Amino acid sequence: MAVRASLTRFPINPDEQESSGLPWGITVTPFSRKDENGNPPLMGSDGENLPRCENCWAYFNSYCELDQWAWTCSLCGTLNGLSAHSIAKYSHPQSCPEMSSSFIDLQLPLEGYEDESMQARPVYVAAVDLSSSEEFLDLIKSALLAALEALPVGALFGLAVFSVKLGLYDVQGPVPVVKNILIPPDADATIQIGLDDVMPLFSFLAPVETCKERIASAIENLKPMTSWERSAAASQALDGVLLGGRGFGAAMEALFSYLGSEYGTTFALARVFAFLSGVPDYGAGQLDTRRYGEQYASKREDADRALLPEQTSFYRDLAAVAVQAGVCVDLFAVTNEYTDLASLKFLSIESGGSLFLYPNTDDSTLPQDMYRMLSRPYAFNCILRLRTSSEFKTGRSYGHFFPDPEYENVQHIICCDSYATYAYDFEFAKVEGFSRHASEPPMLQVAFQYSVVVPPEELSNSGMSSASRPKFSIKRRLRIRTLQYGAARNINELYDSVDPEVVLSILVHKVIQASLEQGVREGRILLHDWLVILTAQYNNALKLIQYGTGTSSAVQQIDVAFAQCPQLQPLPRLIFALLRSPLLRLHEEGVHPDYRIFLQCLFSALEPSSLHRAVYPVLTSYTTPDKQAYPRHSLSRAALITSGSPIFLLDAFTTLIVFYSSTADPALPFPPPHDCSLRTTINKLKQERSITPKLLFIRGGQDDATAFENFLIEEQDVEGSGFTSVMGFVSFLEDINRSVLEYMK
């Protein structure tokens with residue numbers, strides 16, 4: 001569990017927090033195997049007997065004062081009695097993780113699971129769009145064949161296809177058989193026949209270890225819907241809208257009901273991989289793409305504000321159905337046409353899944369992403385709870401979870417991998433803030449309760465006999481992290497404690513929310529104004545403002561580069577880059593609304609260091625493929641020229657580019673050899689990613705370098721089309737300077 005604070009020393013009171021101009025909060029990556037310093041948790045058992053405070057319900061931790069019969073809560077100061085069990089246990093402190101470490105992971109008893117060996121069986125279902133092209137299906141076949149290699153032995157796999165029909169495959173006989181059900185074309189109609197009546201669920205869900213070859217055969221023989229079927233679908237029209245043949249919504253609705261019958265009996269979590277080649281345009285859940293073609297400018301409407309909200313709640317409601325059925329949906333859209341991900345995204349993010357967008361089939365990383373996603377561990381049925389000491393409290397929370405309807409500051413997460421990150425901002429609960437006495441420092445406790453499926457090889461090491469050992473088992477665990485912070489004694493200490501990457505994370509969440517509620521323009525204004533106010537507050541607090549002499553008392557000079565505070569210096573560049581990002585560029589600049597939605601979903605789940613790379617890429621130079629020259633350059637042509645280095649590696653999180661300058665020695669090997677230091681760095685970066693980055697090799701002067709040059713943003717206008725000009729980051733700082741002067745009048 002990695003926890004990073006935007007301010008490692010907290011503001012001492014509301015006035016200081018307000019005058020600093022900085023967001024105050026944290027990011028939490030709860031299922032990360034290690035903390036932010038690389039330390040793993042201490043593992044233990046007996047989690048159900050861990051003492052809890054009678055007042056604030058915080059868990060006993062290593063910061064608590066312990067007497068023979070009682071303990072004092074480190075968060076609220078309440079004195080609590082100890083049970084006889086705890087008294088006996090804490091008489092041997094060396095065997096208690098909670099006495100030795102503030103980061104622990106304890107096993108809990110499994111409640112509500114009566115037949116562990118059945119319920120623990122992993123279930124995976126692929127739902128493939130046949131209203132598509134051969135190229136799309138070839139890509140999906142590669143992805144599914146890669147997925148088969150990553151599935152654990154003992155897993156169950158089902159293959160479904162959809163167009164104007166929903167098809168279910170039975171691969172357990174000698175020859176794969178598909179049974180089809182027609183999908184009603186009406187938007188308010190559902191598939192009336194139960195899928196169990198078409199094919200028993202256990203004929204559909206095939207054991208991977210015995211049916212792998214027949215599953216692969218069925219996948220390889222997938223074909224797009226025929227031209228006759230397309231014509232039949234297109235001949236029907238509703239309200240003047242021609243229907244296509246992609247009955248996605250009705251197919252998903254029927255599949256969730258189908259799988260839900262065995263939730264809690266056969267499986268604890270089923271994962272559905274849904275592959276779309278375009279917008280759902282047939283049957284229940286069909287979406288109208290006409291809004292994308294509207295001439296918003298001529299109607300004086302904000303296109304971004306019109307295209308970012310969902311046009312129907314169908315998929316949000318369907319996500320709730322999926323959760324009730326124990327289903328997590330990962331949505332893979334392979335298309336460059338408008339697909340209305342603004343409506344579709346809820347099906348994935350609110351069921352605990354991920355949203356992926358690939359603009360074409362040619363260089364798609366879908367097969368690698370599938371394999372990577374299935375190879376990494378995940379937790380499910382998670383509960384995340386944040387508690388604070390009494391002086392402050394959580395304000396807003398951000399991330400792909402849903403709040404508990406009854407309890408404050410409790411979030412439920414359907415499915416969570418080791419990359420998923422959530423954010424919180426804080427506010428003071430008391431006007432007086434924190435005590436200036438070190439005896440009462442700010443405290444924070446994050447509790448993460450989760451379930452994992454333990455594979456058979458791990459269970460075989462636990463000493464269970466082969467006769468009694470189930471194939472899979474579910475384990476329920478409780479991970480707790482308790483943190484103690486200091487309070488800054490003055491504004492200088494506060495500014496010196498800034499973590500700019502966490503500040504960026506919280507700001508990204510805020511501008512995404514503002515964009516969704518008020519439009520992208522409002523999000524841009526919010527971000528610009530925040531930097532102006534921060535700059536003004538910083539100059540005021542450090543008394544850096546220089547006034548004119550004589551008759552002129554006007555402000556003459558402002559420090560917009562934060563020269564007095566190294567921790568703040570990255571922020572102007574990060575804000576400039578964020579304003580240049582497709583996340584906040586305007587519709588009329590050519591940013592596709594689906595790509596914007598994809599970035600919103602991606603950025604709001606990234607941990608701070610990854611988000612930093614995605615917003616402001618890291619540019620590193622090399623003198624040879626085996627020797628690094630400089631670890632970081634600014635994103636400008638001037639930086640390339642002045643460095644004199646022949647080779648550059650640009651890491652933009654979703655893209656890695658190796659660029660050889662036009663003046664590079666022709667004797668340097670291109671592309672870099674597989675056994676060189678540069679390749680080792682690239683492979684390490686790829687392995688650490690939640691998604692597979694595209695890898696490009698570009699030779700300056702010979703290859704088209706546009707992909708690389710587009711990332712050199714510091715010489716591009718923050719408001720303009722992105723074309724190189726004499727404007728750019730320098731003019732952006734000048735604009736901030738003018739805005740600060742206006743603000744301070």
# chains A, B, ... in the order shown; residues from 1 in each chain; ligands from 1
>>> closest_atom_pairs(of="range 305-356 of chain A", to="range 393-415 of chain A", cutoff="10 Å", atoms="only C-alpha atoms", output="tab-separated table")
residue	atom	partner	partner_atom	distance
A:Val323	CA	A:Ile414	CA	7.4
A:Gly326	CA	A:Ile414	CA	8.6
A:Val327	CA	A:Ile414	CA	8.8
A:Cys328	CA	A:Cys415	CA	7.1
A:Val329	CA	A:Cys415	CA	9.8
A:Phe346	CA	A:His400	CA	9.7
A:Ser348	CA	A:His400	CA	9.6
A:Ile349	CA	A:His400	CA	5.9
A:Glu350	CA	A:His400	CA	6.7
A:Ser351	CA	A:Ile414	CA	6.2
A:Gly352	CA	A:Cys415	CA	4.6
A:Gly353	CA	A:Cys415	CA	6.8
A:Ser354	CA	A:His400	CA	9.5
>>> residues_around(residues="range 161-172 of chain A", least_positions_apart="5", cutoff="6 Å", atoms="only C-alpha atoms", output="list in words")
Ala127, Val128, Asp129, Leu130, Ser131, Val177, Val178, Lys179, Asn180, Ile181, Leu182, Ile183, Ser203, Phe204, Arg214, Gly245, Arg246 and Gly247 of chain A
>>> select_by_dssp(residues="range 468-512 of chain A", states="strand (DSSP E or B)", output="PyMOL selection string")
chain A and resi 473-484+486-487+498
>>> write_last_selection(atoms="N, CA and C atoms", output="PDB file, in the first residue's frame")
ATOM      1  N   SER A 473      -8.614 -21.424  -3.594  1.00  0.00           N
ATOM      2  CA  SER A 473      -9.209 -21.002  -2.331  1.00  0.00           C
ATOM      3  C   SER A 473      -9.310 -19.483  -2.312  1.00  0.00           C
ATOM      4  N   ILE A 474     -10.334 -18.979  -1.620  1.00  0.00           N
ATOM      5  CA  ILE A 474     -10.457 -17.539  -1.409  1.00  0.00           C
ATOM      6  C   ILE A 474      -9.895 -17.210  -0.030  1.00  0.00           C
ATOM      7  N   LYS A 475      -9.090 -16.159   0.013  1.00  0.00           N
ATOM      8  CA  LYS A 475      -8.573 -15.661   1.284  1.00  0.00           C
ATOM      9  C   LYS A 475      -9.051 -14.222   1.470  1.00  0.00           C
ATOM     10  N   ARG A 476      -9.511 -13.927   2.687  1.00  0.00           N
ATOM     11  CA  ARG A 476      -9.930 -12.569   3.031  1.00  0.00           C
ATOM     12  C   ARG A 476      -8.845 -11.962   3.900  1.00  0.00           C
ATOM     13  N   ARG A 477      -8.404 -10.738   3.548  1.00  0.00           N
ATOM     14  CA  ARG A 477      -7.290 -10.137   4.272  1.00  0.00           C
ATOM     15  C   ARG A 477      -7.596  -8.678   4.609  1.00  0.00           C
ATOM     16  N   LEU A 478      -6.869  -8.171   5.591  1.00  0.00           N
ATOM     17  CA  LEU A 478      -7.006  -6.788   6.040  1.00  0.00           C
ATOM     18  C   LEU A 478      -5.619  -6.141   6.024  1.00  0.00           C
ATOM     19  N   ARG A 479      -5.467  -5.128   5.191  1.00  0.00           N
ATOM     20  CA  ARG A 479      -4.190  -4.407   5.084  1.00  0.00           C
ATOM     21  C   ARG A 479      -4.365  -3.041   5.730  1.00  0.00           C
ATOM     22  N   ILE A 480      -3.465  -2.682   6.642  1.00  0.00           N
ATOM     23  CA  ILE A 480      -3.587  -1.421   7.388  1.00  0.00           C
ATOM     24  C   ILE A 480      -2.275  -0.658   7.319  1.00  0.00           C
ATOM     25  N   ARG A 481      -2.403   0.613   7.035  1.00  0.00           N
ATOM     26  CA  ARG A 481      -1.236   1.499   7.028  1.00  0.00           C
ATOM     27  C   ARG A 481      -1.560   2.689   7.926  1.00  0.00           C
ATOM     28  N   THR A 482      -0.735   2.898   8.935  1.00  0.00           N
ATOM     29  CA  THR A 482      -0.906   4.040   9.841  1.00  0.00           C
ATOM     30  C   THR A 482       0.274   4.981   9.656  1.00  0.00           C
ATOM     31  N   LEU A 483      -0.018   6.250   9.422  1.00  0.00           N
ATOM     32  CA  LEU A 483       1.045   7.223   9.149  1.00  0.00           C
ATOM     33  C   LEU A 483       0.968   8.400  10.101  1.00  0.00           C
ATOM     34  N   GLN A 484       2.150   8.870  10.482  1.00  0.00           N
ATOM     35  CA  GLN A 484       2.257  10.047  11.348  1.00  0.00           C
ATOM     36  C   GLN A 484       2.977  11.146  10.570  1.00  0.00           C
ATOM     37  N   GLY A 486       4.250  15.438  10.398  1.00  0.00           N
ATOM     38  CA  GLY A 486       4.562  16.624  11.176  1.00  0.00           C
ATOM     39  C   GLY A 486       3.739  17.795  10.668  1.00  0.00           C
ATOM     40  N   ALA A 487       3.634  18.850  11.465  1.00  0.00           N
ATOM     41  CA  ALA A 487       2.969  20.075  11.036  1.00  0.00           C
ATOM     42  C   ALA A 487       4.038  21.130  10.751  1.00  0.00           C
ATOM     43  N   VAL A 498       6.426  20.083  -0.308  1.00  0.00           N
ATOM     44  CA  VAL A 498       5.508  19.777  -1.414  1.00  0.00           C
ATOM     45  C   VAL A 498       6.006  18.580  -2.227  1.00  0.00           C
TER      46      VAL A 498
END
>>> closest_residue(among="A:Glu213, A:Leu733, A:Gly285, A:Gly194", to="Leu255 in chain A", atoms="only C-alpha atoms")
A:Gly194
>>> closest_atom_pairs(of="range 258-290 of chain A", to="range 140-153 of chain A", cutoff="12 Å", atoms="only C-alpha atoms", output="Markdown table")
| residue | atom | partner | partner_atom | distance |
| --- | --- | --- | --- | --- |
| A:Arg271 | CA | A:Leu151 | CA | 11.7 |
| A:Phe273 | CA | A:Leu144 | CA | 9.5 |
| A:Ala274 | CA | A:Ile140 | CA | 10.3 |
| A:Phe275 | CA | A:Ile140 | CA | 7.6 |
| A:Leu276 | CA | A:Ile140 | CA | 9.8 |
| A:Ser277 | CA | A:Ile140 | CA | 10.2 |
>>> residues_around(residues="Val272 in chain A", least_positions_apart="4", cutoff="6 Å", atoms="only C-alpha atoms", output="PyMOL selection string")
chain A and resi 124-126+329
>>> write_last_selection(atoms="N, CA, C and O atoms", output="tab-separated table (two decimals), in the first residue's frame")
chain	number	residue	atom	x	y	z
A	124	TYR	N	-13.82	-16.59	-16.70
A	124	TYR	CA	-13.53	-15.55	-17.70
A	124	TYR	C	-14.44	-15.77	-18.90
A	124	TYR	O	-14.60	-16.90	-19.37
A	125	VAL	N	-15.02	-14.69	-19.39
A	125	VAL	CA	-15.90	-14.76	-20.57
A	125	VAL	C	-15.46	-13.69	-21.56
A	125	VAL	O	-15.26	-12.53	-21.20
A	126	ALA	N	-15.29	-14.10	-22.82
A	126	ALA	CA	-14.99	-13.15	-23.90
A	126	ALA	C	-16.26	-12.92	-24.70
A	126	ALA	O	-16.92	-13.88	-25.12
A	329	VAL	N	-16.37	-6.02	-15.75
A	329	VAL	CA	-16.31	-5.90	-17.21
A	329	VAL	C	-15.11	-5.06	-17.62
A	329	VAL	O	-14.95	-3.92	-17.17
>>> select_by_dssp(residues="range 336-470 of chain A", states="alpha helix (DSSP H)", output="list of chain:residue names")
A:Leu341, A:Ala342, A:Ser343, A:Leu344, A:Lys345, A:Phe346, A:Leu347, A:Ser348, A:Ile349, A:Leu366, A:Pro367, A:Gln368, A:Asp369, A:Met370, A:Tyr371, A:Arg372, A:Met373, A:Leu374, A:Ser375, A:Pro456, A:Glu457, A:Glu458, A:Leu459, A:Ser460
>>> write_last_selection(atoms="N, CA and C atoms", output="compact mmCIF listing (two decimals), in the first residue's frame")
# COMPACT_ATOMS: atom_id res chain seq x y z
N LEU A 341 -17.97 6.70 -25.79
CA LEU A 341 -17.41 6.12 -24.56
C LEU A 341 -17.89 6.87 -23.32
N ALA A 342 -18.41 8.09 -23.51
CA ALA A 342 -18.97 8.83 -22.37
C ALA A 342 -20.11 8.06 -21.73
N SER A 343 -20.87 7.33 -22.54
CA SER A 343 -21.97 6.50 -22.01
C SER A 343 -21.48 5.12 -21.63
N LEU A 344 -20.59 4.54 -22.45
CA LEU A 344 -20.16 3.15 -22.25
C LEU A 344 -19.20 2.98 -21.07
N LYS A 345 -18.45 4.04 -20.71
CA LYS A 345 -17.38 3.90 -19.71
C LYS A 345 -17.88 3.36 -18.37
N PHE A 346 -19.14 3.69 -18.03
CA PHE A 346 -19.64 3.29 -16.71
C PHE A 346 -19.73 1.78 -16.56
N LEU A 347 -19.95 1.09 -17.69
CA LEU A 347 -20.04 -0.37 -17.62
C LEU A 347 -18.74 -0.97 -17.13
N SER A 348 -17.61 -0.38 -17.50
CA SER A 348 -16.33 -0.91 -17.07
C SER A 348 -15.90 -0.35 -15.72
N ILE A 349 -15.83 0.99 -15.59
CA ILE A 349 -15.23 1.54 -14.37
C ILE A 349 -16.10 1.32 -13.15
N LEU A 366 -3.24 -4.47 -27.99
CA LEU A 366 -4.29 -5.23 -27.30
C LEU A 366 -3.84 -6.62 -26.85
N PRO A 367 -3.19 -7.44 -27.69
CA PRO A 367 -2.77 -8.76 -27.19
C PRO A 367 -1.85 -8.69 -25.98
N GLN A 368 -0.90 -7.75 -26.02
CA GLN A 368 0.03 -7.60 -24.88
C GLN A 368 -0.72 -7.11 -23.64
N ASP A 369 -1.67 -6.19 -23.83
CA ASP A 369 -2.43 -5.68 -22.69
C ASP A 369 -3.26 -6.79 -22.04
N MET A 370 -3.86 -7.64 -22.88
CA MET A 370 -4.65 -8.75 -22.35
C MET A 370 -3.78 -9.68 -21.51
N TYR A 371 -2.65 -10.07 -22.07
CA TYR A 371 -1.76 -10.99 -21.36
C TYR A 371 -1.28 -10.37 -20.05
N ARG A 372 -0.89 -9.09 -20.12
CA ARG A 372 -0.39 -8.39 -18.94
C ARG A 372 -1.46 -8.30 -17.85
N MET A 373 -2.69 -7.98 -18.25
CA MET A 373 -3.77 -7.81 -17.29
C MET A 373 -4.09 -9.13 -16.57
N LEU A 374 -4.06 -10.23 -17.32
CA LEU A 374 -4.40 -11.52 -16.73
C LEU A 374 -3.25 -12.13 -15.94
N SER A 375 -2.04 -11.64 -16.17
CA SER A 375 -0.87 -12.21 -15.49
C SER A 375 -0.64 -11.58 -14.12
N PRO A 456 -3.64 -23.15 -6.62
CA PRO A 456 -3.33 -24.42 -5.94
C PRO A 456 -1.88 -24.56 -5.50
N GLU A 457 -0.92 -24.02 -6.29
CA GLU A 457 0.48 -24.21 -5.91
C GLU A 457 0.81 -23.51 -4.60
N GLU A 458 0.14 -22.39 -4.31
CA GLU A 458 0.37 -21.70 -3.03
C GLU A 458 -0.25 -22.50 -1.88
N LEU A 459 -1.40 -23.10 -2.16
CA LEU A 459 -2.04 -23.89 -1.11
C LEU A 459 -1.26 -25.17 -0.81
N SER A 460 -0.57 -25.70 -1.82
CA SER A 460 0.16 -26.94 -1.62
C SER A 460 1.31 -26.76 -0.63
>>> atom_distance(atom1="CA of Val123 in chain A", atom2="CA of Pro200 in chain A")
15.3 Å
>>> residues_around(residues="range 510-521 of chain A", least_positions_apart="3", cutoff="8 Å", atoms="only C-alpha atoms", output="number ranges by chain")
A: 302, 304-305, 308-309, 506-507, 524-527, 584-586, 600
>>> closest_residue(among="A:Val208, A:Thr72, A:Phe332, A:Met99", to="Thr365 in chain A", atoms="only C-alpha atoms")
A:Phe332
>>> closest_residue(among="A:Thr620, A:Thr421, A:Ser731, A:Ser257", to="Pro608 in chain A", atoms="only C-alpha atoms")
A:Thr421
